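Next comes query-v2.cif, a file with mmCIF, C-alpha atoms and all ligand atoms.
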data_work
#
loop_
_atom_site.label_atom_id
_atom_site.label_comp_id
_atom_site.auth_asym_id
_atom_site.auth_seq_id
_atom_site.Cartn_x
_atom_site.Cartn_y
_atom_site.Cartn_z
CA MET M 1 -182.33 30.25 -3.59
CA SER M 2 -180.49 30.07 -0.29
CA PRO M 3 -178.47 33.08 0.87
CA LEU M 4 -174.88 33.37 -0.39
CA ALA M 5 -171.98 33.30 2.05
CA ALA M 6 -170.96 36.95 2.34
CA PRO M 7 -167.69 37.57 0.45
CA PRO M 8 -165.22 40.29 1.49
CA MET M 9 -166.47 43.84 1.01
CA ALA M 10 -164.24 46.45 -0.64
CA LEU M 11 -164.83 50.12 -1.46
CA TYR M 12 -164.09 51.94 -4.73
CA LEU M 13 -164.10 55.75 -4.68
CA HIS M 14 -164.09 57.60 -8.01
CA PHE M 15 -162.51 61.04 -8.60
CA PRO M 16 -163.59 62.22 -12.06
CA TRP M 17 -161.32 65.18 -12.88
CA CYS M 18 -157.91 65.41 -14.60
CA VAL M 19 -155.69 68.37 -15.52
CA ARG M 20 -156.15 67.32 -19.15
CA LYS M 21 -157.95 64.42 -20.81
CA CYS M 22 -155.50 61.97 -22.44
CA PRO M 23 -156.42 61.02 -26.03
CA TYR M 24 -156.44 57.24 -25.38
CA CYS M 25 -158.45 57.24 -22.14
CA ASP M 26 -162.07 56.07 -21.90
CA PHE M 27 -162.36 56.21 -18.14
CA ASN M 28 -164.94 58.55 -16.64
CA SER M 29 -162.45 61.41 -16.49
CA HIS M 30 -163.01 65.04 -17.45
CA THR M 31 -160.69 68.00 -17.98
CA LEU M 32 -161.01 70.26 -14.99
CA HIS M 33 -162.19 73.72 -16.02
CA GLY M 34 -161.86 76.30 -13.27
CA GLN M 35 -161.43 75.44 -9.63
CA LEU M 36 -161.64 71.94 -8.22
CA PRO M 37 -164.87 71.68 -6.18
CA GLN M 38 -162.90 69.86 -3.51
CA GLN M 39 -165.06 70.19 -0.41
CA GLN M 40 -168.32 69.92 -2.37
CA TYR M 41 -167.16 66.63 -3.92
CA LEU M 42 -166.00 65.23 -0.57
CA ASP M 43 -169.41 66.05 0.90
CA ALA M 44 -171.08 64.27 -2.03
CA LEU M 45 -168.89 61.17 -1.53
CA VAL M 46 -169.77 61.06 2.15
CA ALA M 47 -173.50 61.44 1.40
CA ASP M 48 -173.24 58.66 -1.21
CA MET M 49 -171.44 56.41 1.27
CA ALA M 50 -174.08 57.07 3.93
CA LEU M 51 -176.68 55.81 1.47
CA GLN M 52 -174.67 52.71 0.57
CA ALA M 53 -173.36 51.82 4.05
CA PRO M 54 -176.24 49.42 4.84
CA LEU M 55 -175.15 47.32 1.83
CA ALA M 56 -172.03 46.32 3.76
CA ARG M 57 -174.35 44.38 6.09
CA GLY M 58 -171.93 44.64 8.99
CA ARG M 59 -168.84 43.62 7.03
CA GLN M 60 -165.66 45.61 7.61
CA ILE M 61 -164.15 47.16 4.49
CA SER M 62 -161.21 44.98 3.38
CA SER M 63 -159.63 47.47 0.94
CA ILE M 64 -160.24 50.92 -0.53
CA PHE M 65 -159.20 52.14 -3.98
CA MET M 66 -159.31 55.84 -4.88
CA GLY M 67 -159.26 55.85 -8.68
CA GLY M 68 -159.89 58.28 -11.45
CA GLY M 69 -159.55 60.54 -13.07
CA THR M 70 -156.83 61.95 -10.87
CA PRO M 71 -157.46 61.60 -7.13
CA SER M 72 -154.07 63.23 -6.48
CA LEU M 73 -155.64 66.57 -7.47
CA PHE M 74 -157.21 66.40 -4.02
CA ALA M 75 -155.01 67.69 -1.18
CA PRO M 76 -153.69 65.22 1.41
CA GLU M 77 -155.68 66.97 4.16
CA ALA M 78 -158.87 66.55 2.11
CA ILE M 79 -158.18 62.83 1.64
CA GLY M 80 -157.55 62.57 5.40
CA ARG M 81 -160.88 64.24 6.21
CA LEU M 82 -162.66 61.97 3.73
CA LEU M 83 -161.24 58.76 5.20
CA GLU M 84 -162.16 59.90 8.68
CA ALA M 85 -165.75 60.63 7.68
CA LEU M 86 -166.11 57.35 5.74
CA GLY M 87 -164.68 55.36 8.66
CA LYS M 88 -167.54 56.62 10.81
CA LEU M 89 -170.06 55.22 8.32
CA VAL M 90 -168.44 51.86 7.55
CA PRO M 91 -165.70 50.31 9.69
CA PHE M 92 -162.42 49.46 7.90
CA GLN M 93 -160.41 46.34 8.67
CA PRO M 94 -157.42 47.38 10.84
CA LYS M 95 -154.86 46.67 8.08
CA ALA M 96 -157.02 47.57 5.09
CA GLU M 97 -155.03 48.39 1.93
CA ILE M 98 -155.88 51.98 0.92
CA THR M 99 -154.65 52.89 -2.59
CA LEU M 100 -154.58 56.33 -4.21
CA GLU M 101 -154.01 56.80 -7.96
CA ALA M 102 -151.60 59.62 -8.68
CA ASN M 103 -150.46 61.44 -11.80
CA PRO M 104 -146.75 62.37 -11.60
CA GLY M 105 -147.66 65.82 -12.97
CA THR M 106 -149.65 66.66 -9.83
CA ILE M 107 -147.05 65.80 -7.22
CA GLU M 108 -145.17 68.58 -5.47
CA ARG M 109 -142.59 67.97 -2.72
CA GLY M 110 -143.94 66.50 0.47
CA ARG M 111 -147.29 65.53 -0.98
CA PHE M 112 -146.85 61.76 -0.57
CA ALA M 113 -145.79 62.18 3.07
CA GLY M 114 -149.10 64.02 3.51
CA TYR M 115 -151.09 61.22 1.86
CA ARG M 116 -149.37 58.65 4.06
CA ALA M 117 -150.23 60.67 7.17
CA ALA M 118 -153.82 60.79 5.86
CA GLY M 119 -153.98 56.97 5.89
CA ILE M 120 -152.95 56.00 2.33
CA THR M 121 -150.96 52.72 2.37
CA ARG M 122 -150.38 52.22 -1.36
CA VAL M 123 -150.01 54.49 -4.42
CA SER M 124 -150.53 53.76 -8.11
CA LEU M 125 -148.52 56.13 -10.28
CA GLY M 126 -149.34 56.66 -13.97
CA ALA M 127 -145.88 56.58 -15.62
CA GLN M 128 -147.11 55.24 -19.03
CA SER M 129 -143.68 55.62 -20.70
CA PHE M 130 -140.27 57.13 -20.05
CA ALA M 131 -139.64 58.24 -23.65
CA PRO M 132 -140.21 62.02 -24.01
CA ALA M 133 -141.67 61.65 -27.53
CA GLN M 134 -144.17 59.03 -26.30
CA LEU M 135 -145.26 61.12 -23.33
CA GLU M 136 -145.88 63.97 -25.75
CA ARG M 137 -147.97 61.86 -28.15
CA LEU M 138 -149.93 60.37 -25.27
CA GLY M 139 -150.82 63.91 -24.18
CA ARG M 140 -149.31 63.42 -20.75
CA ILE M 141 -148.83 66.45 -18.50
CA HIS M 142 -145.53 65.20 -17.02
CA SER M 143 -141.97 64.32 -18.03
CA SER M 144 -140.08 61.12 -17.21
CA ASP M 145 -138.11 63.16 -14.66
CA ASP M 146 -141.39 64.01 -12.90
CA THR M 147 -142.08 60.26 -12.64
CA ARG M 148 -138.58 59.62 -11.28
CA ALA M 149 -138.98 62.43 -8.75
CA ALA M 150 -142.41 61.09 -7.69
CA ALA M 151 -140.96 57.59 -7.18
CA ALA M 152 -138.11 59.01 -5.08
CA GLU M 153 -140.68 60.92 -3.00
CA LEU M 154 -142.69 57.74 -2.49
CA HIS M 155 -139.66 55.87 -1.16
CA ALA M 156 -138.69 58.82 1.04
CA ALA M 157 -142.24 59.02 2.43
CA GLY M 158 -142.18 55.33 3.43
CA LEU M 159 -144.65 54.44 0.68
CA GLY M 160 -142.48 51.84 -1.03
CA ASN M 161 -145.65 49.84 -1.68
CA PHE M 162 -146.40 51.55 -4.98
CA ASN M 163 -147.42 50.51 -8.47
CA LEU M 164 -146.27 51.98 -11.77
CA ASP M 165 -148.66 51.91 -14.76
CA LEU M 166 -146.87 51.40 -18.07
CA MET M 167 -148.36 51.05 -21.55
CA TYR M 168 -146.76 49.30 -24.52
CA ALA M 169 -147.49 48.94 -28.26
CA LEU M 170 -147.30 52.73 -28.49
CA PRO M 171 -147.10 54.63 -31.80
CA ASP M 172 -143.70 54.13 -33.49
CA GLN M 173 -142.46 52.05 -30.55
CA ASP M 174 -140.15 49.14 -31.38
CA LEU M 175 -139.24 46.16 -29.22
CA ALA M 176 -136.16 47.91 -27.85
CA GLY M 177 -138.27 50.93 -26.89
CA ALA M 178 -140.81 48.81 -25.01
CA LEU M 179 -137.99 47.04 -23.14
CA GLU M 180 -136.30 50.35 -22.28
CA ASP M 181 -139.53 51.54 -20.68
CA VAL M 182 -139.72 48.38 -18.56
CA ARG M 183 -136.08 48.77 -17.47
CA ALA M 184 -136.62 52.43 -16.60
CA ALA M 185 -139.69 51.50 -14.54
CA LEU M 186 -137.95 48.67 -12.67
CA ALA M 187 -135.00 50.96 -11.86
CA LEU M 188 -137.44 52.95 -9.67
CA GLU M 189 -138.03 49.83 -7.53
CA PRO M 190 -141.82 49.76 -7.45
CA ALA M 191 -143.43 46.94 -5.46
CA HIS M 192 -145.87 46.37 -8.33
CA LEU M 193 -145.99 46.96 -12.07
CA SER M 194 -149.05 47.12 -14.35
CA HIS M 195 -148.16 46.63 -18.00
CA TYR M 196 -151.03 47.39 -20.39
CA GLN M 197 -151.20 47.09 -24.15
CA LEU M 198 -152.47 50.39 -25.57
CA THR M 199 -156.01 49.79 -26.81
CA LEU M 200 -157.98 52.09 -29.09
CA GLU M 201 -161.21 52.71 -27.25
CA PRO M 202 -164.37 53.89 -29.01
CA GLY M 203 -165.32 57.40 -27.99
CA THR M 204 -161.72 58.55 -27.46
CA VAL M 205 -159.54 60.77 -29.68
CA PHE M 206 -157.32 57.78 -30.56
CA GLY M 207 -160.43 55.67 -31.22
CA ALA M 208 -161.66 58.21 -33.79
CA LEU M 209 -158.24 59.05 -35.27
CA PRO M 210 -155.83 56.16 -34.65
CA PRO M 211 -152.27 57.48 -34.38
CA ALA M 212 -149.84 56.54 -37.17
CA GLY M 213 -147.15 53.94 -36.54
CA LEU M 214 -149.02 51.57 -34.21
CA PRO M 215 -147.22 48.20 -33.90
CA ASP M 216 -149.03 45.27 -35.56
CA GLU M 217 -150.39 42.32 -33.56
CA ASP M 218 -147.26 40.20 -33.98
CA LEU M 219 -144.95 42.93 -32.78
CA ALA M 220 -147.27 43.70 -29.86
CA ALA M 221 -147.25 40.00 -28.85
CA GLN M 222 -143.44 39.97 -29.12
CA MET M 223 -143.23 43.05 -26.91
CA GLN M 224 -145.42 41.42 -24.31
CA GLU M 225 -143.38 38.22 -24.29
CA HIS M 226 -140.01 39.96 -23.97
CA CYS M 227 -141.24 42.48 -21.41
CA GLN M 228 -142.80 39.66 -19.37
CA ALA M 229 -139.41 37.93 -19.24
CA GLU M 230 -137.63 41.17 -18.32
CA ILE M 231 -140.08 41.90 -15.50
CA ALA M 232 -139.81 38.31 -14.20
CA ALA M 233 -136.01 38.55 -14.26
CA GLY M 234 -136.36 41.68 -12.10
CA GLY M 235 -138.03 39.59 -9.37
CA TYR M 236 -141.69 40.30 -10.07
CA ARG M 237 -144.26 37.51 -10.43
CA GLN M 238 -147.04 37.87 -12.96
CA TYR M 239 -150.32 37.07 -11.20
CA GLU M 240 -152.82 38.58 -13.64
CA VAL M 241 -152.96 39.42 -17.36
CA SER M 242 -151.34 42.85 -16.82
CA ALA M 243 -150.18 42.75 -13.19
CA TYR M 244 -146.79 41.86 -11.73
CA ALA M 245 -145.75 42.06 -8.08
CA ARG M 246 -142.92 41.48 -5.68
CA THR M 247 -143.80 38.73 -3.16
CA GLY M 248 -146.68 39.86 -0.98
CA ALA M 249 -147.24 43.11 -2.92
CA GLU M 250 -150.18 41.89 -5.05
CA CYS M 251 -153.02 44.44 -5.07
CA ALA M 252 -155.57 43.19 -2.51
CA HIS M 253 -158.27 45.44 -3.95
CA ASN M 254 -157.97 44.15 -7.50
CA LEU M 255 -157.66 40.55 -6.27
CA ASN M 256 -161.05 41.00 -4.64
CA TYR M 257 -162.55 41.96 -8.05
CA TRP M 258 -160.91 39.01 -9.76
CA ASN M 259 -162.11 36.64 -7.02
CA PHE M 260 -165.65 37.94 -7.53
CA GLY M 261 -165.83 39.63 -4.14
CA ASP M 262 -168.23 42.44 -3.25
CA TYR M 263 -167.59 46.17 -3.47
CA CYS M 264 -169.45 49.42 -3.07
CA GLY M 265 -168.89 51.96 -5.86
CA VAL M 266 -169.03 55.51 -4.52
CA GLY M 267 -168.48 58.64 -6.66
CA ALA M 268 -169.38 59.82 -10.17
CA GLY M 269 -169.90 56.83 -12.47
CA ALA M 270 -168.66 54.33 -9.87
CA HIS M 271 -169.76 50.70 -10.23
CA GLY M 272 -170.56 48.34 -7.35
CA LYS M 273 -171.21 44.59 -7.09
CA LEU M 274 -173.14 43.07 -4.23
CA SER M 275 -174.19 39.58 -3.18
CA ASP M 276 -177.59 38.81 -1.71
CA VAL M 277 -179.38 41.91 -2.92
CA GLY M 278 -182.32 39.48 -2.80
CA PRO M 279 -182.04 35.92 -1.46
CA GLY M 280 -179.19 34.32 -3.42
CA THR M 281 -179.19 37.18 -5.95
CA ILE M 282 -176.18 39.17 -7.10
CA GLY M 283 -176.59 42.74 -8.29
CA ARG M 284 -174.63 45.61 -9.79
CA THR M 285 -174.93 49.32 -9.08
CA GLN M 286 -173.83 52.39 -11.01
CA ARG M 287 -173.78 56.02 -9.98
CA GLU M 288 -174.52 59.06 -12.21
CA ARG M 289 -171.47 59.52 -14.48
CA GLU M 290 -171.48 63.23 -15.20
CA PRO M 291 -169.63 65.01 -12.36
CA ARG M 292 -171.83 68.13 -12.21
CA ARG M 293 -175.03 66.08 -12.19
CA TYR M 294 -173.53 63.75 -9.60
CA LEU M 295 -172.76 66.79 -7.45
CA ALA M 296 -176.19 68.34 -7.97
CA SER M 297 -178.27 65.33 -6.94
CA GLY M 298 -176.78 62.06 -8.22
CA ALA M 299 -174.86 61.31 -5.03
CA GLN M 300 -178.09 61.23 -3.09
CA ALA M 301 -180.28 59.48 -5.63
CA PRO M 302 -181.74 56.13 -4.60
CA LEU M 303 -179.40 53.36 -5.65
CA ALA M 304 -180.48 51.51 -8.81
CA LEU M 305 -179.72 47.79 -8.63
CA ARG M 306 -179.37 45.62 -11.72
CA GLU M 307 -179.73 41.95 -10.88
CA ILE M 308 -177.46 39.47 -12.65
CA ALA M 309 -179.47 36.55 -14.02
CA ASP M 310 -178.25 33.10 -12.95
CA ALA M 311 -177.60 32.25 -16.62
CA ASP M 312 -175.10 35.12 -16.85
CA LEU M 313 -173.20 34.31 -13.66
CA PRO M 314 -170.68 31.78 -15.07
CA PHE M 315 -169.58 34.35 -17.70
CA GLU M 316 -169.45 37.20 -15.18
CA PHE M 317 -167.40 35.07 -12.79
CA MET M 318 -164.98 33.90 -15.52
CA MET M 319 -164.46 37.42 -16.91
CA ASN M 320 -162.76 38.09 -13.60
CA ALA M 321 -161.32 34.78 -12.39
CA LEU M 322 -159.68 33.73 -15.66
CA ARG M 323 -157.57 36.89 -15.63
CA LEU M 324 -155.65 35.33 -12.76
CA VAL M 325 -152.60 33.27 -13.71
CA GLU M 326 -153.47 30.89 -10.86
CA GLY M 327 -157.06 30.54 -11.99
CA PHE M 328 -159.77 29.58 -9.49
CA GLU M 329 -161.11 26.73 -7.39
CA GLU M 330 -164.43 24.90 -7.51
CA ASP M 331 -165.26 26.07 -4.01
CA LEU M 332 -164.78 29.74 -4.92
CA PHE M 333 -167.11 29.42 -7.91
CA GLU M 334 -169.82 27.78 -5.79
CA THR M 335 -169.62 30.14 -2.82
CA ARG M 336 -169.40 33.32 -4.91
CA THR M 337 -172.14 32.49 -7.43
CA GLY M 338 -174.41 30.10 -5.49
CA LEU M 339 -174.39 27.82 -8.56
CA ALA M 340 -173.39 24.16 -8.68
CA TRP M 341 -169.99 23.22 -10.11
CA SER M 342 -171.75 20.92 -12.56
CA GLU M 343 -172.93 24.06 -14.43
CA LEU M 344 -169.35 24.40 -15.71
CA SER M 345 -168.73 20.78 -16.75
CA ALA M 346 -169.48 21.17 -20.47
CA PRO M 347 -167.49 24.39 -21.12
CA LEU M 348 -164.56 23.15 -19.01
CA VAL M 349 -164.32 19.94 -21.05
CA ARG M 350 -164.46 21.94 -24.31
CA LEU M 351 -161.80 24.39 -23.13
CA GLY M 352 -159.57 21.54 -21.94
CA GLU M 353 -159.86 19.95 -25.38
CA ARG M 354 -158.99 23.24 -27.08
CA GLY M 355 -155.92 23.59 -24.84
CA LEU M 356 -157.08 26.92 -23.40
CA LEU M 357 -157.67 25.79 -19.78
CA GLU M 358 -156.11 23.06 -17.65
CA SER M 359 -156.84 21.64 -14.22
CA ILE M 360 -154.18 22.74 -11.76
CA PRO M 361 -151.69 19.90 -11.19
CA GLY M 362 -152.09 18.39 -7.70
CA ASN M 363 -155.34 20.29 -7.17
CA ARG M 364 -158.25 18.36 -8.64
CA SER M 365 -160.74 21.16 -8.10
CA GLY M 366 -158.76 24.08 -9.54
CA TRP M 367 -158.58 25.36 -13.13
CA ARG M 368 -156.34 27.93 -14.77
CA PRO M 369 -155.64 29.28 -18.26
CA THR M 370 -152.79 27.59 -20.16
CA GLU M 371 -150.22 29.80 -21.90
CA LEU M 372 -152.37 29.56 -25.02
CA GLY M 373 -155.44 30.41 -22.93
CA GLN M 374 -153.70 33.50 -21.54
CA ARG M 375 -153.02 34.66 -25.11
CA PHE M 376 -156.58 34.00 -26.27
CA LEU M 377 -158.36 34.84 -23.05
CA ASN M 378 -161.44 36.32 -24.71
CA ASP M 379 -162.01 33.05 -26.59
CA ALA M 380 -161.81 31.12 -23.33
CA ILE M 381 -164.22 33.45 -21.51
CA ALA M 382 -166.67 33.36 -24.44
CA GLU M 383 -167.27 29.63 -23.79
CA PHE M 384 -169.18 30.64 -20.67
CA LEU M 385 -171.63 32.95 -22.46
CA PRO M 386 -175.19 31.80 -21.87
CA THR M 387 -176.91 30.13 -24.80
CA ARG M 388 -180.09 32.06 -25.42
CA PRO M 389 -182.97 30.53 -27.29
CA GLY M 390 -183.12 31.81 -30.87
CA VAL M 391 -179.65 33.38 -30.75
C1 LIG M 401 -157.74 55.11 -14.59
S1 LIG M 401 -156.17 55.35 -15.28
C2 LIG M 401 -155.66 56.41 -13.96
C3 LIG M 401 -154.22 56.79 -13.83
C4 LIG M 401 -153.92 58.27 -13.64
N1 LIG M 401 -155.04 59.11 -13.84
C5 LIG M 401 -152.85 58.64 -14.65
O1 LIG M 401 -153.17 58.54 -15.82
O2 LIG M 401 -151.77 59.02 -14.24
C6 LIG M 401 -155.36 53.80 -15.02
C7 LIG M 401 -154.42 53.32 -16.07
O3 LIG M 401 -155.10 52.71 -17.15
C8 LIG M 401 -154.24 52.67 -18.26
N2 LIG M 401 -154.99 52.99 -19.48
C9 LIG M 401 -155.88 53.98 -19.63
N3 LIG M 401 -156.38 53.97 -20.89
C10 LIG M 401 -155.78 52.96 -21.56
C11 LIG M 401 -155.85 52.43 -22.89
N4 LIG M 401 -156.65 52.97 -23.80
N5 LIG M 401 -155.09 51.35 -23.21
C12 LIG M 401 -154.28 50.80 -22.28
N6 LIG M 401 -154.17 51.25 -21.00
C13 LIG M 401 -154.90 52.32 -20.64
C14 LIG M 401 -153.13 53.69 -18.01
O4 LIG M 401 -151.91 53.01 -17.82
C15 LIG M 401 -153.59 54.36 -16.74
O5 LIG M 401 -152.53 54.76 -15.93
S1 LIG M 402 -155.14 58.34 -18.31
FE1 LIG M 402 -155.31 59.16 -16.25
S2 LIG M 402 -154.73 61.36 -16.47
FE2 LIG M 402 -155.19 60.62 -18.52
S3 LIG M 402 -157.36 61.16 -18.81
FE3 LIG M 402 -157.27 59.00 -18.10
S4 LIG M 402 -157.55 59.14 -15.93
FE4 LIG M 402 -156.97 61.22 -16.64
#

Would you encode the structure as structure tokens?
Ligand SMILES: C[S@@+](CC[C@H](N)C(=O)[O-])C[C@H]1O[C@@H](n2cnc3c(N)ncnc32)[C@H](O)[C@@H]1O
Ligand code: SF4
Amino acid sequence: MSPLAAPPMALYLHFPWCVRKCPYCDFNSHTLHGQLPQQQYLDALVADMALQAPLARGRQISSIFMGGGTPSLFAPEAIGRLLEALGKLVPFQPKAEITLEANPGTIERGRFAGYRAAGITRVSLGAQSFAPAQLERLGRIHSSDDTRAAAAELHAAGLGNFNLDLMYALPDQDLAGALEDVRAALALEPAHLSHYQLTLEPGTVFGALPPAGLPDEDLAAQMQEHCQAEIAAGGYRQYEVSAYARTGAECAHNLNYWNFGDYCGVGAGAHGKLSDVGPGTIGRTQREREPRRYLASGAQAPLALREIADADLPFEFMMNALRLVEGFEEDLFETRTGLAWSELSAPLVRLGERGLLESIPGNRSGWRPTELGQRFLNDAIAEFLPTRPGV
């Protein structure tokens, strides 16, 4: 195969510790016992980056996302030192978006000003809900007043470009409760809102022991519809299944995932995706998940690459691109996968007939999910699964 045009290159940095593990969460996050090994972990991240830097192949980093876990357990000065060290290994684009995930329970006065001085340009704050009883059941370590105080601090620190994470379809929540949460979030004037339906993940406390009073599917769909309208009325445009933004405040880092761009994954359990790991071949990487093992040797272990077979590429591309309300264009599919557009003809016709996808009006080469397709997104994506002999 011929080499792929190099897509933008982003960087994901994982921070695996939290004050307390939330019962619904299946991210690679671990309750911190004892002292945070702050400097040791920063050193490991830098060593990991040094190993992965050649994968950037000269590209400047277009965005950085510090996710968790709870990156805001790390002091602003530590984050500043980290960014400085990473910048020496891989150059960042001059206006690169640099996001830090923060838990409102870890934010004391002045902390956001410190993060901004360290180079952070965007913050994602885990609000989840504003109802005290919900925060309690979700095992959160903060109150709704902590979230309000954190949002005020963000504005005061000049970090108005922040996201709030909210969840809905919570135990014993009714439609009015879900709408109240949205209104309380919008009152804090975030630039961006992520609105997730609570899912019961295997391997979590909620997965093993589902909480009583969970809304049924119909009520959850009603909540989504009404909350969507409320968020739109507040001046936020939905651009992805769960993401809403004021004009120009879409998350550049997540857009790169959804547009099937490249990224290095640095830190415990971090995933990466890279084009041209061999000629015309796309590969994925994953780091050691367990924080102590990552610290002991995982950060410096040779990078294992898993190649994505050509037959799997349409599905892998669509799992990302179809999340976008605006869908994708022919050209993006071809340049990001190296496959011909004709590979998609049969599933696109079938999905058009089922009313799940439509070609974008006035743009003959673009496709997007219909409203029905947005509701049954997994069905739409499944059309692109490879057909394997004997299966
Ligand atoms: C990686 S977490 C990090 C946020 C940060 N540690 C915090 O909780 O404050 C990102 C977001 O995913 C969402 N999330 C996590 N588990 C979820 C689940 N089971 N169902 C729906 N959303 C979930 C939450 O809204 C959470 O804020
Ligand atoms: S939701 Fe956030 S704070 Fe809670 S365990 Fe997951 S990563 Fe940690």

Produce a table with one row for each residue of chain M that has an atom at most 6 Å from any atom of ligand LIG 401 (chain M), each row naming the nearest atom pair and its distance in Å at one decimal; use only C-alpha atoms and all ligand atoms; arrange rows by chain and rising residue number; format as a tab-separated table.
residue	atom	partner	partner_atom	distance
M:Tyr24	CA	M:LIG401	N4	4.6
M:Cys25	CA	M:LIG401	N3	4.1
M:Phe27	CA	M:LIG401	C1	5.9
M:Gly68	CA	M:LIG401	C1	5.0
M:Gly69	CA	M:LIG401	N1	4.8
M:Thr70	CA	M:LIG401	N1	4.5
M:Glu101	CA	M:LIG401	C4	5.9
M:Ala102	CA	M:LIG401	O2	5.6
M:Asn103	CA	M:LIG401	O2	3.7
M:Leu125	CA	M:LIG401	O2	5.9
M:Gly126	CA	M:LIG401	O2	3.4
M:Gln128	CA	M:LIG401	O4	5.4
M:Asp165	CA	M:LIG401	O4	4.6
M:Leu166	CA	M:LIG401	O4	5.3
M:Met167	CA	M:LIG401	O4	5.5
M:Tyr196	CA	M:LIG401	N6	5.0
M:Gln197	CA	M:LIG401	C12	5.2
M:Leu198	CA	M:LIG401	N5	3.7
M:Thr199	CA	M:LIG401	N5	4.0
M:Leu200	CA	M:LIG401	N4	5.5
M:Glu201	CA	M:LIG401	N4	5.7

Point out the residue among M:Lys21, M:Arg116, M:His192, M:Arg183 with the least atom-to-atom distance to ligand LIG 402 (chain M), counting all atoms listed in the file.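 Ranked by minimum distance to ligand LIG 402 (chain M), first place goes to M:Lys21.
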
Selection: 12 Å around Thr147 (chain M), all atoms listed in the file, excl. self and same-chain fewer than 5 positions, as a PDB file with C-alpha atoms, in the coordinates of the input:
ATOM      1  CA  ALA M 102    -151.600  59.620  -8.680  1.00  0.00           C
ATOM      2  CA  ASN M 103    -150.460  61.440 -11.800  1.00  0.00           C
ATOM      3  CA  PRO M 104    -146.750  62.370 -11.600  1.00  0.00           C
ATOM      4  CA  GLY M 105    -147.660  65.820 -12.970  1.00  0.00           C
ATOM      5  CA  THR M 106    -149.650  66.660  -9.830  1.00  0.00           C
ATOM      6  CA  ILE M 107    -147.050  65.800  -7.220  1.00  0.00           C
ATOM      7  CA  GLU M 108    -145.170  68.580  -5.470  1.00  0.00           C
ATOM      8  CA  SER M 124    -150.530  53.760  -8.110  1.00  0.00           C
ATOM      9  CA  LEU M 125    -148.520  56.130 -10.280  1.00  0.00           C
ATOM     10  CA  GLY M 126    -149.340  56.660 -13.970  1.00  0.00           C
ATOM     11  CA  ALA M 127    -145.880  56.580 -15.620  1.00  0.00           C
ATOM     12  CA  GLN M 128    -147.110  55.240 -19.030  1.00  0.00           C
ATOM     13  CA  SER M 129    -143.680  55.620 -20.700  1.00  0.00           C
ATOM     14  CA  PHE M 130    -140.270  57.130 -20.050  1.00  0.00           C
ATOM     15  CA  ALA M 131    -139.640  58.240 -23.650  1.00  0.00           C
ATOM     16  CA  PRO M 132    -140.210  62.020 -24.010  1.00  0.00           C
ATOM     17  CA  LEU M 135    -145.260  61.120 -23.330  1.00  0.00           C
ATOM     18  CA  ARG M 140    -149.310  63.420 -20.750  1.00  0.00           C
ATOM     19  CA  ILE M 141    -148.830  66.450 -18.500  1.00  0.00           C
ATOM     20  CA  HIS M 142    -145.530  65.200 -17.020  1.00  0.00           C
ATOM     21  CA  ALA M 152    -138.110  59.010  -5.080  1.00  0.00           C
ATOM     22  CA  GLU M 153    -140.680  60.920  -3.000  1.00  0.00           C
ATOM     23  CA  LEU M 154    -142.690  57.740  -2.490  1.00  0.00           C
ATOM     24  CA  ASN M 163    -147.420  50.510  -8.470  1.00  0.00           C
ATOM     25  CA  LEU M 164    -146.270  51.980 -11.770  1.00  0.00           C
ATOM     26  CA  ASP M 165    -148.660  51.910 -14.760  1.00  0.00           C
ATOM     27  CA  LEU M 166    -146.870  51.400 -18.070  1.00  0.00           C
ATOM     28  CA  ALA M 184    -136.620  52.430 -16.600  1.00  0.00           C
ATOM     29  CA  ALA M 185    -139.690  51.500 -14.540  1.00  0.00           C
ATOM     30  CA  ALA M 187    -135.000  50.960 -11.860  1.00  0.00           C
ATOM     31  CA  LEU M 188    -137.440  52.950  -9.670  1.00  0.00           C
ATOM     32  CA  PRO M 190    -141.820  49.760  -7.450  1.00  0.00           C
TER      33      PRO M 190
END

For ligand LIG 402 (chain M), which of M:Asp26, M:Glu136, M:Glu97, M:Asp145 is the closest residue, counting only C-alpha atoms and all ligand atoms?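 Nearest to ligand LIG 402 (chain M): M:Asp26.
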
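The space separating CA of Gly352 (chain M) from CA of Arg364 (chain M) comes to 13.7 Å.
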
Please provide as an MDAnalysis selection string all residues within 6 Å of Leu45 (chain M), with the sequence filter that same-chain residues fewer than 3 positions apart are discarded (counting all atoms listed in the file). chainID M and resid 42 48 267

Considering only C-alpha atoms, return as number ranges by chain whatever protein or nucleic-acid residues lie within 12 Å of Glu316 (chain M), sequence-local ones (same chain, fewer than 6 positions apart) excluded. M: 257-261, 273, 282-284, 308-310, 322-323, 333, 336-337, 381-386

Limited to C-alpha atoms, could you put the picked residues into a file as a short mmCIF file (atom, residue, chain, number, x, y, z; two decimals), in the coordinates of the input?
data_model
loop_
_atom_site.label_atom_id
_atom_site.label_comp_id
_atom_site.auth_asym_id
_atom_site.auth_seq_id
_atom_site.Cartn_x
_atom_site.Cartn_y
_atom_site.Cartn_z
CA TYR M 257 -162.55 41.96 -8.05
CA TRP M 258 -160.91 39.01 -9.76
CA ASN M 259 -162.11 36.64 -7.02
CA PHE M 260 -165.65 37.94 -7.53
CA GLY M 261 -165.83 39.63 -4.14
CA LYS M 273 -171.21 44.59 -7.09
CA ILE M 282 -176.18 39.17 -7.10
CA GLY M 283 -176.59 42.74 -8.29
CA ARG M 284 -174.63 45.61 -9.79
CA ILE M 308 -177.46 39.47 -12.65
CA ALA M 309 -179.47 36.55 -14.02
CA ASP M 310 -178.25 33.10 -12.95
CA LEU M 322 -159.68 33.73 -15.66
CA ARG M 323 -157.57 36.89 -15.63
CA PHE M 333 -167.11 29.42 -7.91
CA ARG M 336 -169.40 33.32 -4.91
CA THR M 337 -172.14 32.49 -7.43
CA ILE M 381 -164.22 33.45 -21.51
CA ALA M 382 -166.67 33.36 -24.44
CA GLU M 383 -167.27 29.63 -23.79
CA PHE M 384 -169.18 30.64 -20.67
CA LEU M 385 -171.63 32.95 -22.46
CA PRO M 386 -175.19 31.80 -21.87
#
